file entry-v3.cif (mmCIF, C-alpha atoms)
data_model
loop_
_atom_site.label_atom_id
_atom_site.label_comp_id
_atom_site.auth_asym_id
_atom_site.auth_seq_id
_atom_site.Cartn_x
_atom_site.Cartn_y
_atom_site.Cartn_z
CA MET B 131 35.80 -40.38 -11.43
CA SER B 132 37.00 -37.06 -10.03
CA ALA B 133 40.65 -38.06 -10.50
CA ILE B 134 40.14 -38.79 -14.22
CA SER B 135 42.15 -36.57 -16.54
CA ILE B 136 43.35 -36.62 -20.14
CA ARG B 137 46.77 -35.41 -21.22
CA ARG B 138 49.44 -35.76 -23.85
CA ALA B 139 51.33 -39.03 -23.46
CA ARG B 140 54.90 -39.05 -22.20
CA GLU B 141 57.68 -41.50 -22.99
CA ALA B 142 57.27 -42.96 -19.51
CA ASP B 143 53.69 -43.94 -20.49
CA VAL B 144 54.63 -46.02 -23.53
CA ALA B 145 54.79 -49.41 -21.78
CA ALA B 146 51.36 -48.86 -20.20
CA ILE B 147 49.92 -47.71 -23.54
CA VAL B 148 51.26 -50.80 -25.31
CA ALA B 149 49.85 -53.02 -22.55
CA THR B 150 46.46 -51.36 -23.05
CA LEU B 151 46.68 -51.86 -26.83
CA ALA B 152 47.50 -55.54 -26.28
CA ASP B 153 44.63 -56.07 -23.83
CA ASP B 154 42.18 -57.80 -26.20
CA ALA B 155 42.15 -60.66 -28.70
CA LEU B 156 43.17 -58.50 -31.68
CA GLY B 157 45.82 -56.61 -29.74
CA GLN B 158 47.36 -59.78 -28.34
CA ALA B 159 48.04 -60.91 -31.88
CA ARG B 160 49.51 -57.55 -32.98
CA GLU B 161 51.38 -56.15 -29.99
CA ASP B 162 54.25 -57.25 -27.76
CA ALA B 163 53.80 -55.76 -24.32
CA GLY B 164 56.68 -57.79 -22.87
CA LEU B 165 59.42 -56.00 -21.00
CA PRO B 166 61.87 -54.73 -21.89
CA LEU B 167 59.70 -52.95 -24.41
CA SER B 168 60.73 -53.20 -28.04
CA ARG B 169 62.76 -50.19 -29.19
CA ALA B 170 60.33 -49.84 -32.12
CA TYR B 171 57.63 -48.59 -29.72
CA LEU B 172 59.92 -45.93 -28.28
CA ASP B 173 61.03 -44.86 -31.75
CA ALA B 174 57.40 -44.61 -32.83
CA PHE B 175 56.58 -42.56 -29.75
CA ALA B 176 59.44 -40.15 -30.53
CA ALA B 177 58.14 -39.70 -34.09
CA ILE B 178 54.57 -39.12 -32.87
CA ASP B 179 55.63 -36.76 -30.11
CA GLY B 180 57.80 -34.74 -32.48
CA ASP B 181 55.06 -34.27 -35.07
CA PRO B 182 52.75 -31.29 -34.48
CA ASN B 183 49.97 -33.05 -36.40
CA GLN B 184 49.93 -35.99 -33.98
CA PHE B 185 48.47 -36.14 -30.49
CA LEU B 186 48.87 -39.33 -28.48
CA ALA B 187 46.63 -39.02 -25.45
CA VAL B 188 46.27 -40.96 -22.24
CA MET B 189 43.36 -40.93 -19.84
CA THR B 190 44.51 -41.32 -16.27
CA ASP B 191 42.88 -42.11 -12.97
CA GLY B 192 45.43 -40.87 -10.50
CA ASP B 193 48.68 -42.52 -11.60
CA ASP B 194 46.98 -45.28 -13.61
CA ILE B 195 46.49 -45.13 -17.36
CA VAL B 196 42.91 -46.22 -18.03
CA GLY B 197 42.57 -45.22 -21.70
CA THR B 198 44.40 -44.02 -24.77
CA LEU B 199 43.88 -42.79 -28.29
CA GLN B 200 45.82 -41.05 -31.03
CA ILE B 201 44.60 -38.15 -33.15
CA THR B 202 46.19 -37.33 -36.49
CA PHE B 203 45.32 -33.94 -37.94
CA ILE B 204 45.20 -34.13 -41.73
CA ALA B 205 45.14 -31.17 -44.11
CA GLY B 206 43.44 -31.88 -47.41
CA LEU B 207 42.05 -30.32 -50.55
CA SER B 208 38.75 -32.21 -50.59
CA LEU B 209 35.71 -30.69 -48.90
CA ARG B 210 37.02 -27.26 -49.91
CA GLY B 211 40.30 -27.66 -48.09
CA ALA B 212 38.85 -29.19 -44.94
CA ARG B 213 41.09 -30.37 -42.14
CA ARG B 214 40.26 -33.79 -40.72
CA GLY B 215 40.88 -35.42 -37.39
CA LEU B 216 41.65 -39.13 -37.61
CA ILE B 217 41.17 -40.99 -34.32
CA GLU B 218 42.99 -44.31 -33.97
CA ALA B 219 44.24 -46.84 -31.42
CA VAL B 220 41.35 -46.22 -29.04
CA ARG B 221 41.39 -48.36 -25.92
CA VAL B 222 39.91 -48.27 -22.45
CA ALA B 223 41.42 -50.64 -19.89
CA ALA B 224 39.43 -53.88 -19.78
CA GLY B 225 38.59 -53.54 -16.11
CA ARG B 226 37.26 -49.99 -16.62
CA ARG B 227 34.95 -50.52 -19.59
CA GLY B 228 31.30 -49.65 -19.03
CA GLU B 229 32.07 -46.63 -16.81
CA GLY B 230 31.59 -43.99 -19.51
CA LEU B 231 35.33 -43.42 -19.90
CA GLY B 232 35.28 -44.10 -23.64
CA GLN B 233 32.59 -41.49 -24.20
CA ARG B 234 34.50 -38.99 -22.11
CA LEU B 235 37.70 -39.73 -24.04
CA PHE B 236 35.91 -39.25 -27.38
CA GLU B 237 34.22 -36.03 -26.31
CA TRP B 238 37.64 -34.70 -25.36
CA ALA B 239 39.17 -35.85 -28.70
CA ILE B 240 36.36 -34.31 -30.73
CA ASP B 241 36.86 -31.02 -28.86
CA LYS B 242 40.59 -31.18 -29.73
CA CYS B 243 39.64 -31.65 -33.38
CA ARG B 244 37.33 -28.61 -33.22
CA GLU B 245 40.12 -26.55 -31.62
CA ARG B 246 42.41 -27.49 -34.55
CA GLY B 247 39.79 -26.41 -37.09
CA CYS B 248 38.76 -29.87 -38.25
CA ARG B 249 35.57 -30.11 -40.27
CA VAL B 250 35.44 -33.91 -40.12
CA VAL B 251 36.37 -36.47 -37.48
CA GLN B 252 36.90 -39.96 -38.82
CA LEU B 253 38.08 -43.34 -37.63
CA THR B 254 38.49 -46.90 -38.74
CA THR B 255 37.65 -49.94 -36.68
CA ASN B 256 38.17 -53.62 -37.20
CA LYS B 257 35.12 -55.43 -38.60
CA SER B 258 35.16 -57.82 -35.65
CA ARG B 259 34.72 -55.07 -33.04
CA THR B 260 30.93 -55.04 -33.10
CA ASP B 261 30.65 -53.53 -29.61
CA ALA B 262 32.88 -50.66 -30.75
CA HIS B 263 30.71 -50.16 -33.84
CA ARG B 264 27.62 -49.69 -31.67
CA PHE B 265 29.57 -47.33 -29.40
CA TYR B 266 30.71 -45.15 -32.32
CA GLU B 267 27.22 -45.03 -33.78
CA ARG B 268 25.85 -44.00 -30.38
CA LEU B 269 28.35 -41.10 -30.45
CA GLY B 270 26.98 -40.00 -33.84
CA PHE B 271 29.56 -41.54 -36.18
CA LYS B 272 28.17 -42.95 -39.42
CA ALA B 273 29.50 -46.02 -41.23
CA SER B 274 29.62 -44.03 -44.47
CA HIS B 275 32.73 -45.45 -46.14
CA ILE B 276 34.48 -48.74 -46.71
CA GLY B 277 38.11 -48.82 -45.66
CA TYR B 278 40.96 -50.86 -47.11
CA LYS B 279 44.46 -51.54 -45.85
CA LEU B 280 47.54 -52.89 -47.56
CA GLU B 281 50.08 -54.25 -45.12
CA LEU B 282 53.63 -53.61 -46.22
CA GLN B 283 56.23 -56.01 -44.88
CA ALA B 284 59.87 -55.03 -44.55
CA GLY B 285 61.77 -56.00 -47.67
CA ALA B 286 58.64 -56.97 -49.63
CA GLN B 287 58.19 -55.53 -53.08
CA PRO B 288 54.60 -54.41 -53.74
CA PHE B 289 53.10 -55.39 -57.06
CA ILE B 290 52.81 -51.70 -57.97
CA ALA B 291 56.54 -51.09 -57.45
CA ALA B 292 56.97 -50.15 -61.12
CA LEU B 293 54.79 -47.08 -60.65
#

call {"tool": "encode", "arguments": {"input": "entry-v3.cif", "output": "structure tokens"}}
result
Amino acid sequence: MSAISIRRAREADVAAIVATLADDALGQAREDAGLPLSRAYLDAFAAIDGDPNQFLAVMTDGDDIVGTLQITFIAGLSLRGARRGLIEAVRVAAGRRGEGLGQRLFEWAIDKCRERGCRVVQLTTNKSRTDAHRFYERLGFKASHIGYKLELQAGAQPFIAAL
């Protein structure tokens, strides 16, 4: 693992990142890793890359991308104005799982959160990812909250639109 490194993602990495995100049952249903890559992925990358509170990372082994995650740095008033690091879209390439790469990627991400003055590091994970739950707990994360999501579809009017 001497060639393993972690760096900020580049536009040239987007197709490999999307392929990694699509490399499981949940991802296959949500992502389209087909080439040519959808313009929406490149537009999203540009927005992430241009935002100083976003860090899209890739873990590489030589020229190969073997892992990825995104950190969002969130300023807030709660916890006496604490800054939070939100870690999302965590993946290690299927053929590389079990090598300790995920732990190494998380240790790196948590250090980035400390460097940015975060008091809390948080994440969400799909209920079906029981292996991931055990992994996060082994890293010291606590399942302390219940998370909810509301998917907004283009053109749909939410029931709270009058607010």

call {"tool": "resolve_selection", "arguments": {"input": "entry-v3.cif", "expression": "the PyMOL selection byres ((chain B and resi 139) around 7)", "output": "VMD selection string"}}
result
chain B and resid 137 to 138 140 to 141 143 186 to 188

call {"tool": "write_last_selection", "arguments": {"input": "entry-v3.cif", "atoms": "C-alpha atoms", "output": "CSV table (one decimal), keeping the file's coordinate frame"}}
result
chain,number,residue,atom,x,y,z
B,137,ARG,CA,46.8,-35.4,-21.2
B,138,ARG,CA,49.4,-35.8,-23.8
B,140,ARG,CA,54.9,-39.0,-22.2
B,141,GLU,CA,57.7,-41.5,-23.0
B,143,ASP,CA,53.7,-43.9,-20.5
B,186,LEU,CA,48.9,-39.3,-28.5
B,187,ALA,CA,46.6,-39.0,-25.4
B,188,VAL,CA,46.3,-41.0,-22.2

call {"tool": "atom_distance", "arguments": {"input": "entry-v3.cif", "atom1": "CA of Tyr266 in chain B", "atom2": "CA of Ala177 in chain B"}}
result
28.0 Å

call {"tool": "resolve_selection", "arguments": {"input": "entry-v3.cif", "expression": "the PyMOL selection byres ((chain B and resi 231-238) around 10)", "output": "ChimeraX atom specification"}}
result
/B:131,134-136,187-189,196-199,217,220-223,226-230,239-244,262,265-266,268-269

call {"tool": "residues_near_point", "arguments": {"input": "entry-v3.cif", "point": "(40.5, -40.6, -35.3)", "cutoff": "6 Å", "atoms": "only C-alpha atoms", "output": "ChimeraX atom specification"}}
result
/B:201,215-218,252-253

call {"tool": "closest_residue", "arguments": {"input": "entry-v3.cif", "among": "B:Asn183, B:Thr190, B:Thr260, B:Ser168", "to": "Cys248 in chain B", "atoms": "only C-alpha atoms"}}
result
B:Asn183

call {"tool": "atom_distance", "arguments": {"input": "entry-v3.cif", "atom1": "CA of Asp191 in chain B", "atom2": "CA of Gly225 in chain B"}}
result
12.6 Å

call {"tool": "atom_distance", "arguments": {"input": "entry-v3.cif", "atom1": "CA of Phe185 in chain B", "atom2": "CA of Arg246 in chain B"}}
result
11.3 Å

call {"tool": "resolve_selection", "arguments": {"input": "entry-v3.cif", "expression": "the PyMOL selection byres ((chain B and resi 276) around 12)", "output": "number ranges by chain"}}
result
B: 253-257, 272-275, 277-279

call {"tool": "closest_residue", "arguments": {"input": "entry-v3.cif", "among": "B:Ala205, B:Ala176, B:Ala224, B:Ala212", "to": "Ala152 in chain B", "atoms": "all atoms listed in the file"}}
result
B:Ala224

call {"tool": "closest_residue", "arguments": {"input": "entry-v3.cif", "among": "B:Val144, B:Arg259, B:Gln200, B:Leu151", "to": "Pro166 in chain B", "atoms": "all atoms listed in the file"}}
result
B:Val144

call {"tool": "closest_residue", "arguments": {"input": "entry-v3.cif", "among": "B:Val250, B:Leu172, B:Glu281, B:Leu165", "to": "Thr202 in chain B", "atoms": "all atoms listed in the file"}}
result
B:Val250

call {"tool": "closest_residue", "arguments": {"input": "entry-v3.cif", "among": "B:Asp154, B:Arg249, B:Arg169, B:Gln184", "to": "Arg210 in chain B", "atoms": "only C-alpha atoms"}}
result
B:Arg249

call {"tool": "closest_residue", "arguments": {"input": "entry-v3.cif", "among": "B:His263, B:Phe203, B:Gly157, B:Gly247", "to": "Ile178 in chain B", "atoms": "all atoms listed in the file"}}
result
B:Phe203

call {"tool": "decode", "arguments": {"input": "entry-v3.cif", "residues": "range 214-230 of chain B", "atoms": "N, CA and C atoms", "output": "mmCIF file, in the first residue's frame"}}
result
data_model
loop_
_atom_site.group_PDB
_atom_site.id
_atom_site.type_symbol
_atom_site.label_atom_id
_atom_site.label_comp_id
_atom_site.auth_asym_id
_atom_site.auth_seq_id
_atom_site.Cartn_x
_atom_site.Cartn_y
_atom_site.Cartn_z
ATOM 1 N N ARG B 214 -19.260 21.754 11.669
ATOM 2 C CA ARG B 214 -19.402 20.311 11.505
ATOM 3 C C ARG B 214 -18.787 19.875 10.186
ATOM 4 N N GLY B 215 -18.306 18.658 10.172
ATOM 5 C CA GLY B 215 -17.885 18.021 8.940
ATOM 6 C C GLY B 215 -18.870 16.919 8.618
ATOM 7 N N LEU B 216 -19.464 16.985 7.446
ATOM 8 C CA LEU B 216 -20.419 15.976 6.998
ATOM 9 C C LEU B 216 -19.736 15.125 5.931
ATOM 10 N N ILE B 217 -19.583 13.845 6.206
ATOM 11 C CA ILE B 217 -18.931 12.932 5.272
ATOM 12 C C ILE B 217 -20.005 12.146 4.544
ATOM 13 N N GLU B 218 -19.925 12.143 3.210
ATOM 14 C CA GLU B 218 -20.924 11.487 2.372
ATOM 15 C C GLU B 218 -20.250 10.760 1.217
ATOM 16 N N ALA B 219 -21.051 9.950 0.528
ATOM 17 C CA ALA B 219 -20.642 9.272 -0.709
ATOM 18 C C ALA B 219 -19.319 8.523 -0.532
ATOM 19 N N VAL B 220 -19.248 7.768 0.543
ATOM 20 C CA VAL B 220 -18.038 7.005 0.862
ATOM 21 C C VAL B 220 -18.077 5.684 0.098
ATOM 22 N N ARG B 221 -17.026 5.412 -0.630
ATOM 23 C CA ARG B 221 -16.918 4.129 -1.331
ATOM 24 C C ARG B 221 -15.462 3.718 -1.408
ATOM 25 N N VAL B 222 -15.239 2.423 -1.272
ATOM 26 C CA VAL B 222 -13.957 1.799 -1.582
ATOM 27 C C VAL B 222 -14.259 0.801 -2.689
ATOM 28 N N ALA B 223 -13.409 0.747 -3.693
ATOM 29 C CA ALA B 223 -13.614 -0.159 -4.829
ATOM 30 C C ALA B 223 -13.851 -1.576 -4.330
ATOM 31 N N ALA B 224 -14.822 -2.247 -4.926
ATOM 32 C CA ALA B 224 -15.251 -3.571 -4.465
ATOM 33 C C ALA B 224 -14.083 -4.540 -4.323
ATOM 34 N N GLY B 225 -13.193 -4.540 -5.272
ATOM 35 C CA GLY B 225 -12.068 -5.462 -5.235
ATOM 36 C C GLY B 225 -10.995 -5.122 -4.219
ATOM 37 N N ARG B 226 -11.132 -3.971 -3.554
ATOM 38 C CA ARG B 226 -10.121 -3.514 -2.592
ATOM 39 C C ARG B 226 -10.646 -3.469 -1.161
ATOM 40 N N ARG B 227 -11.890 -3.844 -0.961
ATOM 41 C CA ARG B 227 -12.460 -3.833 0.391
ATOM 42 C C ARG B 227 -11.771 -4.878 1.248
ATOM 43 N N GLY B 228 -11.650 -4.597 2.536
ATOM 44 C CA GLY B 228 -11.019 -5.523 3.462
ATOM 45 C C GLY B 228 -9.522 -5.309 3.613
ATOM 46 N N GLU B 229 -8.978 -4.286 2.949
ATOM 47 C CA GLU B 229 -7.542 -3.996 3.019
ATOM 48 C C GLU B 229 -7.201 -2.880 4.000
ATOM 49 N N GLY B 230 -8.206 -2.320 4.658
ATOM 50 C CA GLY B 230 -7.968 -1.209 5.574
ATOM 51 C C GLY B 230 -8.007 0.152 4.895
#
